[in-house]
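S.K.: My structure is below; once you've seen it, I'll send some questions.
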Amino acid sequence: MHAPDLYPMWHLMAYRGPRRGEACGLLDAEVRLDRRELTINQQIATHGYTAVRKKPKSRAGNRDLALDAETVRVLAAYRARRAQWRLAAGEAWPDTGLFFVRPDGRPWHPCGVTQRFRRLVRQAGLPPTRLHDLRHSAATIALAAGVDIKVVSEQLGHSTTTLTRDTYQSVTRAMHHDAADAVAEKIRQRRPRTA
């Protein structure tokens, strides 16, 4: 896949799990790369095909996200590239206040982000993968890595851990193997020792 203008947004979605509208609506002033964090406090939602800025889905949707070093690197490189776009555009650059923008400075339409992702997945010959699957994967990988479900729930902007567990925790093949090994180990420990 080659989409240097959208890759940073998709990277953030895959690593930290914001919703599509939250990534599209991320404010530049809320991205603090020096502190390795950002704040989600708005989204760009669609009503029909009309894009509208609004508050996140729920009160829990207003949240801070900690960033890993790789994501900080990707977002810093994107910010530098965006500065070059702005310089080239001069007075024509619109001041949207958004972090992720198109190369001409205009906001990304959430449906356009999804359509572009779908097209690139198809061109790459990958199995059908939805843009929302990046969010799903972020949650699943975090849970598989042993991150507490409460932390993952807050990362995703869920009001309870129930939604996180029931909706986003996929059972991976590695989890099945880990479960099989854990059961076998428990049985081995309880088996009476023979002489």
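Residue names in the structure tokens use chain letters A, B, ... in the order shown, residue numbers from 1 in each chain, and ligand numbers from 1 in the order shown.
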With 6 Å as the cut-off and only C-alpha atoms counted, what is the closest atom pair between each nearby residue of region 5-52 of chain A and region 59-83 of chain A? Distances in Å to one decimal, ordered by chain and number, as a Markdown table.

M.R.:
| residue | atom | partner | partner_atom | distance |
| --- | --- | --- | --- | --- |
| A:Leu33 | CA | A:Val72 | CA | 5.9 |
| A:Arg36 | CA | A:Leu67 | CA | 4.9 |
| A:Glu37 | CA | A:Ala66 | CA | 4.4 |
| A:Leu38 | CA | A:Leu65 | CA | 5.4 |
| A:Thr39 | CA | A:Asp64 | CA | 4.3 |
| A:Ile40 | CA | A:Arg63 | CA | 5.4 |
| A:Asn41 | CA | A:Asn62 | CA | 4.8 |

S.K.: Which neighbours of Ala142 (chain A) fall inside 9 Å, counting only C-alpha atoms, when residues of the same chain fewer than 5 positions from it are skipped, and could you give them as a list in words?

M.R.: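 My list of contacting residues is Tyr15, Arg16, Ser137, Val147, Asp148, Ile149 and Val152 of chain A.
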
S.K.: Taking C-alpha atoms for each residue, export the selection above as a short mmCIF file (atom, residue, chain, number, x, y, z; two decimals), in the first residue's frame.

M.R.:
data_model
loop_
_atom_site.label_atom_id
_atom_site.label_comp_id
_atom_site.auth_asym_id
_atom_site.auth_seq_id
_atom_site.Cartn_x
_atom_site.Cartn_y
_atom_site.Cartn_z
CA TYR A 15 -1.66 1.49 16.95
CA ARG A 16 -3.99 3.45 19.23
CA SER A 137 -6.71 -4.87 15.66
CA VAL A 147 -2.49 -4.56 28.55
CA ASP A 148 -5.19 -4.34 31.22
CA ILE A 149 -8.69 -4.31 29.72
CA VAL A 152 -7.67 -0.63 26.50
#

S.K.: Using backbone DSSP assignments, extract all alpha helix (DSSP H) residues from chain A; output them as a PyMOL selection string.

M.R.: chain A and resi 7-16+20-24+69-89+110-123+132-144+149-156+161-163+173-190

S.K.: Enter the distance from CA of Val121 (chain A) to CA of Ile141 (chain A), in Å, rounded to one decimal.

M.R.: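 The value is 20.5 Å.
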
S.K.: Please extract the residues of chain A with a backbone DSSP assignment of strand (DSSP E or B) and present them as JSON, numbers by chain.

M.R.: {"A": [27, 31, 32, 37, 38, 39, 40, 43, 44, 45, 46, 47, 50, 51, 52, 53, 54, 63, 64, 65, 66, 98, 101, 107]}

S.K.: Hey, what's within 9 Å of Pro103 (chain A) if we count only C-alpha atoms and toss same-chain stuff fewer than 2 positions away? As a tab-separated table (two decimals) with all heavy atoms, in the first residue's frame, please?

M.R.:
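That gives us out_1.tsv:
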chain	number	residue	atom	x	y	z
A	5	ASP	N	-0.03	10.33	2.08
A	5	ASP	CA	-0.88	11.37	2.66
A	5	ASP	C	-1.82	10.82	3.73
A	5	ASP	O	-2.23	11.55	4.63
A	5	ASP	CB	-1.67	12.10	1.57
A	5	ASP	CG	-2.44	11.16	0.64
A	5	ASP	OD1	-2.19	9.94	0.66
A	5	ASP	OD2	-3.29	11.66	-0.11
A	82	ARG	N	3.49	18.06	6.11
A	82	ARG	CA	2.35	18.98	6.05
A	82	ARG	C	2.83	20.44	6.01
A	82	ARG	O	2.26	21.27	5.32
A	82	ARG	CB	1.43	18.75	7.26
A	82	ARG	CG	0.11	19.48	7.17
A	82	ARG	CD	-0.65	19.37	8.46
A	82	ARG	NE	0.11	20.09	9.49
A	82	ARG	CZ	-0.12	19.98	10.79
A	82	ARG	NH1	-1.08	19.21	11.25
A	82	ARG	NH2	0.60	20.66	11.65
A	85	TRP	N	3.69	21.21	2.50
A	85	TRP	CA	2.47	21.43	1.71
A	85	TRP	C	1.96	22.85	1.94
A	85	TRP	O	1.58	23.54	1.01
A	85	TRP	CB	1.37	20.45	2.10
A	85	TRP	CG	1.61	19.00	1.82
A	85	TRP	CD1	2.51	18.45	0.94
A	85	TRP	CD2	0.94	17.91	2.43
A	85	TRP	NE1	2.42	17.09	0.98
A	85	TRP	CE2	1.47	16.72	1.87
A	85	TRP	CE3	-0.06	17.79	3.40
A	85	TRP	CZ2	1.02	15.46	2.24
A	85	TRP	CZ3	-0.51	16.53	3.76
A	85	TRP	CH2	0.04	15.38	3.19
A	86	ARG	N	1.95	23.25	3.21
A	86	ARG	CA	1.44	24.58	3.57
A	86	ARG	C	2.29	25.68	2.93
A	86	ARG	O	1.77	26.66	2.41
A	86	ARG	CB	1.40	24.73	5.09
A	86	ARG	CG	0.82	26.04	5.52
A	86	ARG	CD	0.74	26.14	7.03
A	86	ARG	NE	-0.02	27.33	7.37
A	86	ARG	CZ	-0.78	27.44	8.42
A	86	ARG	NH1	-0.90	26.45	9.27
A	86	ARG	NH2	-1.44	28.54	8.65
A	101	VAL	N	-4.81	16.56	7.31
A	101	VAL	CA	-5.46	17.26	6.21
A	101	VAL	C	-4.95	16.71	4.89
A	101	VAL	O	-3.92	16.03	4.84
A	101	VAL	CB	-5.21	18.79	6.26
A	101	VAL	CG1	-5.89	19.41	7.47
A	101	VAL	CG2	-3.72	19.11	6.24
A	105	GLY	N	-4.55	21.09	2.15
A	105	GLY	CA	-4.94	21.70	3.42
A	105	GLY	C	-6.39	21.51	3.80
A	105	GLY	O	-6.78	21.83	4.92
A	106	ARG	N	-7.20	21.00	2.88
A	106	ARG	CA	-8.61	20.79	3.20
A	106	ARG	C	-8.78	19.55	4.08
A	106	ARG	O	-7.96	18.64	4.05
A	106	ARG	CB	-9.43	20.64	1.92
A	106	ARG	CG	-9.52	21.94	1.12
A	106	ARG	CD	-10.36	21.78	-0.13
A	106	ARG	NE	-9.75	20.79	-1.01
A	106	ARG	CZ	-10.45	19.90	-1.73
A	106	ARG	NH1	-11.76	19.88	-1.70
A	106	ARG	NH2	-9.82	19.03	-2.50

S.K.: Give me the residues near Glu22 (chain A) as a ChimeraX atom specification, where near means some atom within 6 Å (using only C-alpha atoms) and where sequence neighbours in that chain fewer than 4 positions away do not count.

M.R.: /A:18,26,43

S.K.: Next, dump the selected residues to file, keeping only C-alpha atoms, as a short mmCIF file (atom, residue, chain, number, x, y, z; two decimals), in the first residue's frame.

M.R.:
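Result file follows (selection.cif):
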data_model
loop_
_atom_site.label_atom_id
_atom_site.label_comp_id
_atom_site.auth_asym_id
_atom_site.auth_seq_id
_atom_site.Cartn_x
_atom_site.Cartn_y
_atom_site.Cartn_z
CA PRO A 18 -9.27 6.02 17.46
CA LEU A 26 -8.13 15.43 15.45
CA GLN A 43 -14.83 14.06 15.50
#

S.K.: Using only C-alpha atoms for the distances, tell me which of A:Ala3, A:Phe99, A:Ala145, A:Arg32 is nearest to Leu120 (chain A).

M.R.: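 Nearest to Leu120 (chain A): A:Ala3.
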
S.K.: Between CA of Leu27 (chain A) and CA of His11 (chain A), measure the distance and give it in Å to one decimal.

M.R.: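 Interatomic distance, CA of Leu27 (chain A) to CA of His11 (chain A): 16.8 Å.
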
S.K.: Contacts of Cys111 (chain A) at 9 Å or less, counting only C-alpha atoms, minus same-chain residues fewer than 2 places along, as a ChimeraX atom specification?

M.R.: /A:46,49,51,108-109,113-116

S.K.: Keeping C-alpha atoms, export the residues of the selection given above as a short mmCIF file (atom, residue, chain, number, x, y, z; two decimals), in the first residue's frame.

M.R.:
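Saved the output as part.cif:
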data_model
loop_
_atom_site.label_atom_id
_atom_site.label_comp_id
_atom_site.auth_asym_id
_atom_site.auth_seq_id
_atom_site.Cartn_x
_atom_site.Cartn_y
_atom_site.Cartn_z
CA THR A 46 -21.23 12.20 8.40
CA TYR A 49 -22.65 12.55 2.87
CA ALA A 51 -19.31 16.06 7.02
CA TRP A 108 -10.40 14.67 4.92
CA HIS A 109 -13.97 13.51 4.39
CA VAL A 113 -10.67 8.01 3.82
CA THR A 114 -12.60 4.73 3.87
CA GLN A 115 -12.93 4.55 0.08
CA ARG A 116 -9.21 5.14 -0.38
#

S.K.: Using only C-alpha atoms for the distances, tell me which of A:Thr164, A:Ser58, A:Asp104, A:Val151 is nearest to Glu91 (chain A).

M.R.: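 Closest candidate: A:Asp104.
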
S.K.: Which residues are near region 122-131 of chain A? Cut-off 10 Å, only C-alpha atoms, ignore same chain within fewer than 3 positions. Put them as a VMD selection string.

M.R.: chain A and resid 1 to 2 10 13 to 14 19 to 20 113 to 119 134 to 136
